[in-house]
$ cat my_file_5.tsv   # TSV, C-alpha atoms and all ligand atoms
chain	number	residue	atom	x	y	z
A	1	MET	CA	3.78	4.19	-5.35
A	2	LYS	CA	5.17	3.45	-1.92
A	3	PHE	CA	8.91	2.81	-1.62
A	4	PHE	CA	9.98	0.14	0.85
A	5	ILE	CA	13.59	-0.88	1.41
A	6	ASP	CA	14.33	-4.61	1.30
A	7	THR	CA	17.01	-5.05	3.95
A	8	ALA	CA	17.64	-5.65	7.63
A	9	ASN	CA	20.72	-3.40	7.56
A	10	LEU	CA	20.11	-0.53	9.99
A	11	ASP	CA	22.56	1.86	8.30
A	12	GLN	CA	20.88	1.39	4.95
A	13	ILE	CA	17.44	1.85	6.50
A	14	ARG	CA	18.67	5.08	8.19
A	15	GLU	CA	20.12	6.31	4.90
A	16	ALA	CA	16.88	5.64	3.00
A	17	GLN	CA	14.81	7.21	5.80
A	18	ALA	CA	17.03	10.32	5.69
A	19	LEU	CA	16.21	10.73	1.97
A	20	GLY	CA	12.63	11.46	3.03
A	21	ILE	CA	11.09	9.01	0.56
A	22	LEU	CA	10.91	5.82	2.61
A	23	ASP	CA	7.47	4.31	3.27
A	24	GLY	CA	8.46	1.04	4.92
A	25	VAL	CA	10.81	-1.92	5.23
A	26	THR	CA	10.64	-5.57	4.25
A	27	THR	CA	12.88	-8.24	5.70
A	28	ASN	CA	13.16	-11.98	5.33
A	29	PRO	CA	15.17	-14.68	7.15
A	30	SER	CA	17.98	-14.46	4.55
A	31	LEU	CA	18.29	-10.69	5.01
A	32	MET	CA	18.36	-11.08	8.82
A	33	ALA	CA	21.05	-13.77	8.51
A	34	LYS	CA	23.07	-11.49	6.20
A	35	GLU	CA	23.26	-9.00	9.08
A	36	GLY	CA	24.33	-11.76	11.46
A	37	ILE	CA	21.16	-11.47	13.56
A	38	SER	CA	20.48	-14.78	15.29
A	39	GLY	CA	18.64	-16.01	18.38
A	40	ALA	CA	14.93	-15.45	18.96
A	41	GLN	CA	15.26	-12.43	21.27
A	42	ASN	CA	17.91	-10.71	19.11
A	43	ILE	CA	15.70	-11.09	16.08
A	44	LEU	CA	12.70	-9.57	17.89
A	45	ASP	CA	14.87	-6.70	19.20
A	46	HIS	CA	16.14	-6.04	15.69
A	47	TYR	CA	12.58	-5.67	14.36
A	48	VAL	CA	11.86	-3.12	17.08
A	49	ARG	CA	15.02	-1.17	16.15
A	50	ILE	CA	13.89	-1.08	12.52
A	51	CYS	CA	10.44	0.18	13.57
A	52	GLU	CA	12.07	2.96	15.57
A	53	ILE	CA	13.95	4.20	12.47
A	54	VAL	CA	11.18	4.14	9.87
A	55	ASP	CA	7.66	5.58	10.07
A	56	GLY	CA	5.90	2.99	7.89
A	57	ASP	CA	5.15	-0.72	7.80
A	58	VAL	CA	7.87	-3.24	8.64
A	59	SER	CA	7.41	-6.80	7.37
A	60	ALA	CA	8.70	-9.48	9.75
A	61	GLU	CA	8.62	-13.06	8.49
A	62	VAL	CA	7.56	-16.13	10.45
A	63	ILE	CA	9.89	-19.13	10.57
A	64	ALA	CA	7.22	-21.69	11.46
A	65	THR	CA	5.57	-23.46	8.54
A	66	ASP	CA	2.64	-25.07	10.38
A	67	TYR	CA	-0.65	-23.31	11.11
A	68	ALA	CA	-0.39	-23.23	14.92
A	69	GLY	CA	3.26	-22.21	14.79
A	70	MET	CA	2.66	-19.41	12.29
A	71	ILE	CA	-0.23	-18.03	14.32
A	72	ALA	CA	1.72	-18.07	17.58
A	73	GLU	CA	4.75	-16.47	15.93
A	74	GLY	CA	2.62	-13.99	14.00
A	75	GLU	CA	0.88	-12.82	17.16
A	76	ARG	CA	4.25	-12.45	18.93
A	77	LEU	CA	5.66	-10.42	16.04
A	78	ALA	CA	2.57	-8.21	15.74
A	79	ALA	CA	2.67	-7.46	19.48
A	80	LEU	CA	6.21	-6.07	19.13
A	81	HIS	CA	5.18	-2.81	17.47
A	82	ARG	CA	2.16	-1.29	15.74
A	83	GLN	CA	4.16	-1.00	12.48
A	84	ILE	CA	4.82	-4.73	12.18
A	85	VAL	CA	3.20	-6.59	9.30
A	86	VAL	CA	3.49	-10.38	9.61
A	87	LYS	CA	5.03	-11.99	6.56
A	88	ILE	CA	3.60	-15.43	5.82
A	89	PRO	CA	4.65	-17.82	3.04
A	90	MET	CA	2.23	-18.85	0.29
A	91	ILE	CA	1.58	-22.39	1.48
A	92	LYS	CA	-1.67	-24.07	2.53
A	93	ASP	CA	-1.20	-23.48	6.28
A	94	GLY	CA	0.04	-19.99	5.45
A	95	LEU	CA	-3.28	-19.14	3.82
A	96	LYS	CA	-5.16	-20.35	6.89
A	97	ALA	CA	-2.82	-18.35	9.11
A	98	ILE	CA	-3.41	-15.20	7.03
A	99	LYS	CA	-7.17	-15.71	7.39
A	100	HIS	CA	-6.86	-16.14	11.16
A	101	LEU	CA	-4.44	-13.26	11.75
A	102	THR	CA	-6.59	-10.96	9.58
A	103	SER	CA	-9.64	-11.86	11.67
A	104	LYS	CA	-7.66	-10.73	14.74
A	105	GLY	CA	-6.84	-7.40	13.10
A	106	ILE	CA	-3.21	-8.35	12.41
A	107	ARG	CA	-1.86	-7.19	9.06
A	108	THR	CA	-0.10	-9.69	6.83
A	109	ASN	CA	2.20	-9.81	3.80
A	110	CYS	CA	1.88	-13.01	1.79
A	111	THR	CA	5.35	-13.81	0.47
A	112	LEU	CA	6.92	-16.16	-2.10
A	113	VAL	CA	4.16	-15.51	-4.64
A	114	PHE	CA	5.00	-16.56	-8.20
A	115	ASN	CA	1.69	-16.69	-10.07
A	116	ALA	CA	-1.68	-14.98	-10.31
A	117	GLY	CA	-3.58	-17.87	-8.73
A	118	GLN	CA	-1.47	-17.61	-5.60
A	119	ALA	CA	-2.07	-13.85	-5.56
A	120	MET	CA	-5.83	-14.36	-5.71
A	121	LEU	CA	-5.74	-16.89	-2.86
A	122	ALA	CA	-3.69	-14.47	-0.73
A	123	ALA	CA	-6.23	-11.73	-1.38
A	124	LYS	CA	-9.20	-13.97	-0.57
A	125	ALA	CA	-7.54	-14.95	2.72
A	126	GLY	CA	-7.37	-11.23	3.54
A	127	ALA	CA	-3.66	-10.44	3.09
A	128	THR	CA	-2.81	-6.76	3.45
A	129	TYR	CA	0.03	-7.13	0.95
A	130	VAL	CA	0.91	-9.74	-1.65
A	131	SER	CA	4.59	-10.07	-2.59
A	132	PRO	CA	5.26	-11.42	-6.10
A	133	PHE	CA	9.02	-11.94	-6.62
A	134	VAL	CA	9.98	-10.18	-9.83
A	135	GLY	CA	13.75	-10.80	-9.93
A	136	ARG	CA	13.52	-14.48	-9.08
A	137	LEU	CA	11.11	-15.02	-12.00
A	138	ASP	CA	13.45	-13.07	-14.29
A	139	ASP	CA	16.26	-15.35	-13.04
A	140	ILE	CA	14.52	-18.36	-14.55
A	141	SER	CA	13.60	-16.67	-17.84
A	142	HIS	CA	10.05	-15.70	-16.85
A	143	ASP	CA	8.82	-12.13	-17.13
A	144	GLY	CA	8.53	-11.02	-13.48
A	145	MET	CA	7.01	-7.66	-14.32
A	146	ALA	CA	4.34	-9.33	-16.46
A	147	LEU	CA	3.15	-11.03	-13.28
A	148	ILE	CA	2.91	-7.67	-11.46
A	149	SER	CA	0.86	-6.34	-14.35
A	150	GLN	CA	-1.41	-9.41	-14.33
A	151	ILE	CA	-2.06	-9.22	-10.59
A	152	VAL	CA	-2.74	-5.46	-10.68
A	153	GLN	CA	-5.26	-6.07	-13.49
A	154	ILE	CA	-6.96	-8.98	-11.70
A	155	TYR	CA	-7.22	-7.11	-8.39
A	156	SER	CA	-8.67	-4.14	-10.28
A	157	ASN	CA	-11.24	-6.43	-12.01
A	158	TYR	CA	-12.63	-7.40	-8.63
A	159	GLY	CA	-12.00	-4.27	-6.56
A	160	ILE	CA	-9.59	-6.20	-4.31
A	161	GLY	CA	-7.93	-4.10	-1.60
A	162	THR	CA	-4.83	-6.25	-1.08
A	163	GLN	CA	-1.80	-4.13	-2.00
A	164	VAL	CA	0.52	-5.41	-4.71
A	165	LEU	CA	4.05	-5.23	-3.32
A	166	ALA	CA	6.58	-5.81	-6.10
A	167	ALA	CA	9.37	-7.75	-4.37
A	168	SER	CA	12.72	-9.15	-5.45
A	169	ILE	CA	13.34	-5.85	-7.22
A	170	ARG	CA	16.90	-5.77	-8.51
A	171	HIS	CA	17.45	-2.47	-10.34
A	172	THR	CA	16.06	0.93	-11.23
A	173	MET	CA	14.14	-0.18	-14.33
A	174	HIS	CA	12.20	-2.67	-12.23
A	175	ILE	CA	11.12	0.28	-10.06
A	176	VAL	CA	10.14	2.41	-13.05
A	177	GLN	CA	8.19	-0.48	-14.59
A	178	ALA	CA	6.40	-1.13	-11.29
A	179	MET	CA	5.36	2.55	-11.24
A	180	GLU	CA	4.10	2.36	-14.85
A	181	ILE	CA	2.06	-0.74	-14.06
A	182	GLY	CA	0.59	0.81	-10.92
A	183	ALA	CA	1.98	-1.52	-8.26
A	184	ASP	CA	1.07	-0.19	-4.82
A	185	VAL	CA	4.57	-0.75	-3.40
A	186	ALA	CA	8.04	-1.70	-4.61
A	187	THR	CA	10.51	-3.05	-2.08
A	188	CYS	CA	14.01	-2.32	-3.28
A	189	PRO	CA	17.67	-2.59	-2.39
A	190	LEU	CA	19.13	0.80	-1.38
A	191	ASP	CA	21.31	0.89	-4.53
A	192	ALA	CA	18.27	0.61	-6.78
A	193	ILE	CA	16.57	3.51	-4.97
A	194	LEU	CA	19.74	5.64	-5.17
A	195	GLY	CA	20.06	4.71	-8.86
A	196	LEU	CA	16.87	6.66	-9.55
A	197	LEU	CA	18.69	9.85	-8.54
A	198	LYS	CA	21.28	9.62	-11.26
A	199	HIS	CA	21.33	11.36	-14.63
A	200	PRO	CA	24.48	12.57	-16.39
A	201	LEU	CA	22.68	15.70	-17.62
A	202	THR	CA	21.84	16.60	-14.01
A	203	ASP	CA	25.52	16.33	-13.08
A	204	GLN	CA	26.69	18.22	-16.18
A	205	GLY	CA	24.04	20.92	-15.70
A	206	LEU	CA	25.01	21.44	-12.07
A	207	GLU	CA	28.69	21.58	-12.96
A	208	LYS	CA	27.96	24.30	-15.57
A	209	PHE	CA	25.77	26.32	-13.19
A	210	LEU	CA	28.53	26.31	-10.58
A	211	ALA	CA	31.26	27.10	-13.13
A	212	ASP	CA	29.26	30.10	-14.45
A	213	TYR	CA	28.62	31.33	-10.90
A	214	ASN	CA	32.29	30.97	-10.01
A	215	LYS	CA	33.39	32.94	-13.10
A	216	LEU	CA	31.92	36.06	-11.51
A	217	ASN	CA	31.91	35.18	-7.81
A	218	GLY	CA	34.60	32.56	-7.34
B	301	LIG	O1	12.05	-9.98	0.52
B	301	LIG	C1	11.76	-10.77	-0.57
B	301	LIG	C2	12.49	-10.41	-1.84
B	301	LIG	O2	12.47	-9.03	-2.06
B	301	LIG	C3	13.82	-11.07	-2.03
B	301	LIG	O3	14.55	-10.56	-3.10
B	301	LIG	O4	16.63	-10.37	-4.42
B	301	LIG	O5	16.42	-12.21	-2.70
B	301	LIG	O6	15.13	-12.30	-4.82
B	301	LIG	P1	15.75	-11.42	-3.79
$ encode --input "my_file_5.tsv" --output "structure tokens" --more "lines below"
Ligand code: G3P
Amino acid sequence: MKFFIDTANLDQIREAQALGILDGVTTNPSLMAKEGISGAQNILDHYVRICEIVDGDVSAEVIATDYAGMIAEGERLAALHRQIVVKIPMIKDGLKAIKHLTSKGIRTNCTLVFNAGQAMLAAKAGATYVSPFVGRLDDISHDGMALISQIVQIYSNYGIGTQVLAASIRHTMHIVQAMEIGADVATCPLDAILGLLKHPLTDQGLEKFLADYNKLNG
């Protein structure tokens, strides 16, 4: 499974990249705002900075919600860097925009997906990635991971190449469950990725190894 980091914070992206396990980055307008990035040119420059840190795909979301606007913005974003994937919302004009951008060879990530029907439409339009939001479904007492499982199964039934990108991941168990299900990608906060590192027996074992070494060599 590919590991993406879900942030626009450059320090966190650098830290994840330095771990040697990072396959890409996803952003959204809320994450850009959280970093205080505003103004059209600053936003574009920030995407380029992210692309210069990470080797893999970087999702950059359109703000327009009409077909012409999404296409124009998508083409501008895609021209920024070869790693950019244009993130388009799951709305009617969004589907048309995905179809158009795909026909131009521009890769897309269909975002704000909350059911299997939406995931199938995104795939039929040619989306490179589909982003079902696990945590936000959990937030309203729906089983977010069950949706990932359902979409993986449906795409497998039809040999669909759109990659299932488990989004709105909140903690380590979401990541482990996404791996068990066979999601292609999980996009995670840095803390959730770092959480995978931790096990008390690892820490205790290391402490004992060092104590035993130091008994003779310390
Ligand atoms: O980038 C989309 C998604 O990952 C957002 O996550 O935590 O705001 O629901 P969250």
$ residues_near_ligand --input "my_file_5.tsv" --ligand "ligand LIG 301 (chain B)" --cutoff "6 Å" --atoms "all atoms listed in the file" --output "count of residues only"
8
$ atom_distance --input "my_file_5.tsv" --atom1 "CA of Leu196 (chain A)" --atom2 "CA of Thr172 (chain A)"
6.0 Å
$ residues_around --input "my_file_5.tsv" --residues "region 155-166 of chain A" --least-positions-apart "5" --cutoff "8 Å" --atoms "all atoms listed in the file" --output "PyMOL selection string"
chain A and resi 120+123+126-134+148+178+183-187
$ atom_distance --input "my_file_5.tsv" --atom1 "CA of Cys110 (chain A)" --atom2 "CA of Leu194 (chain A)"
26.7 Å
$ atom_distance --input "my_file_5.tsv" --atom1 "CA of Asp138 (chain A)" --atom2 "CA of Val58 (chain A)"
25.6 Å
$ residues_around --input "my_file_5.tsv" --residues "Ile50 (chain A)" --least-positions-apart "3" --cutoff "8 Å" --atoms "only C-alpha atoms" --output "mmCIF file with C-alpha atoms, in the frame of the given file"
data_model
loop_
_atom_site.group_PDB
_atom_site.id
_atom_site.type_symbol
_atom_site.label_atom_id
_atom_site.label_comp_id
_atom_site.auth_asym_id
_atom_site.auth_seq_id
_atom_site.Cartn_x
_atom_site.Cartn_y
_atom_site.Cartn_z
ATOM 1 C CA ALA A 8 17.640 -5.650 7.630
ATOM 2 C CA LEU A 10 20.110 -0.530 9.990
ATOM 3 C CA ILE A 13 17.440 1.850 6.500
ATOM 4 C CA VAL A 25 10.810 -1.920 5.230
ATOM 5 C CA HIS A 46 16.140 -6.040 15.690
ATOM 6 C CA TYR A 47 12.580 -5.670 14.360
ATOM 7 C CA ILE A 53 13.950 4.200 12.470
ATOM 8 C CA VAL A 54 11.180 4.140 9.870
ATOM 9 C CA VAL A 58 7.870 -3.240 8.640
#
$ closest_residue --input "my_file_5.tsv" --among "A:Leu31, A:Val86, A:Leu19, A:Ala97" --to "Tyr67 (chain A)" --atoms "all atoms listed in the file"
A:Ala97
$ residues_around --input "my_file_5.tsv" --residues "Ile21 (chain A)" --least-positions-apart "3" --cutoff "9 Å" --atoms "only C-alpha atoms" --output "PyMOL selection string"
chain A and resi 2-4+16-18
$ axis_aligned_box --input "my_file_5.tsv" --around "region 83-102 of chain A" --padding-each-side "8 Å" --output "lines of an AutoDock Vina configuration file"
center_x = -1.1
center_y = -12.5
center_z = 6.4
size_x = 28.2
size_y = 39.1
size_z = 28.2
$ closest_residue --input "my_file_5.tsv" --among "A:Leu201, A:Ala64, A:Leu112, A:Ile106" --to "His81 (chain A)" --atoms "only C-alpha atoms"
A:Ile106
$ closest_residue --input "my_file_5.tsv" --among "A:Gly144, A:Pro89, A:Gly39, A:Gly205" --to "Gly74 (chain A)" --atoms "only C-alpha atoms"
A:Pro89
$ closest_residue --input "my_file_5.tsv" --among "A:Val85, A:Ala78, A:Ile154, A:Ala192" --to "Asn109 (chain A)" --atoms "all atoms listed in the file"
A:Val85
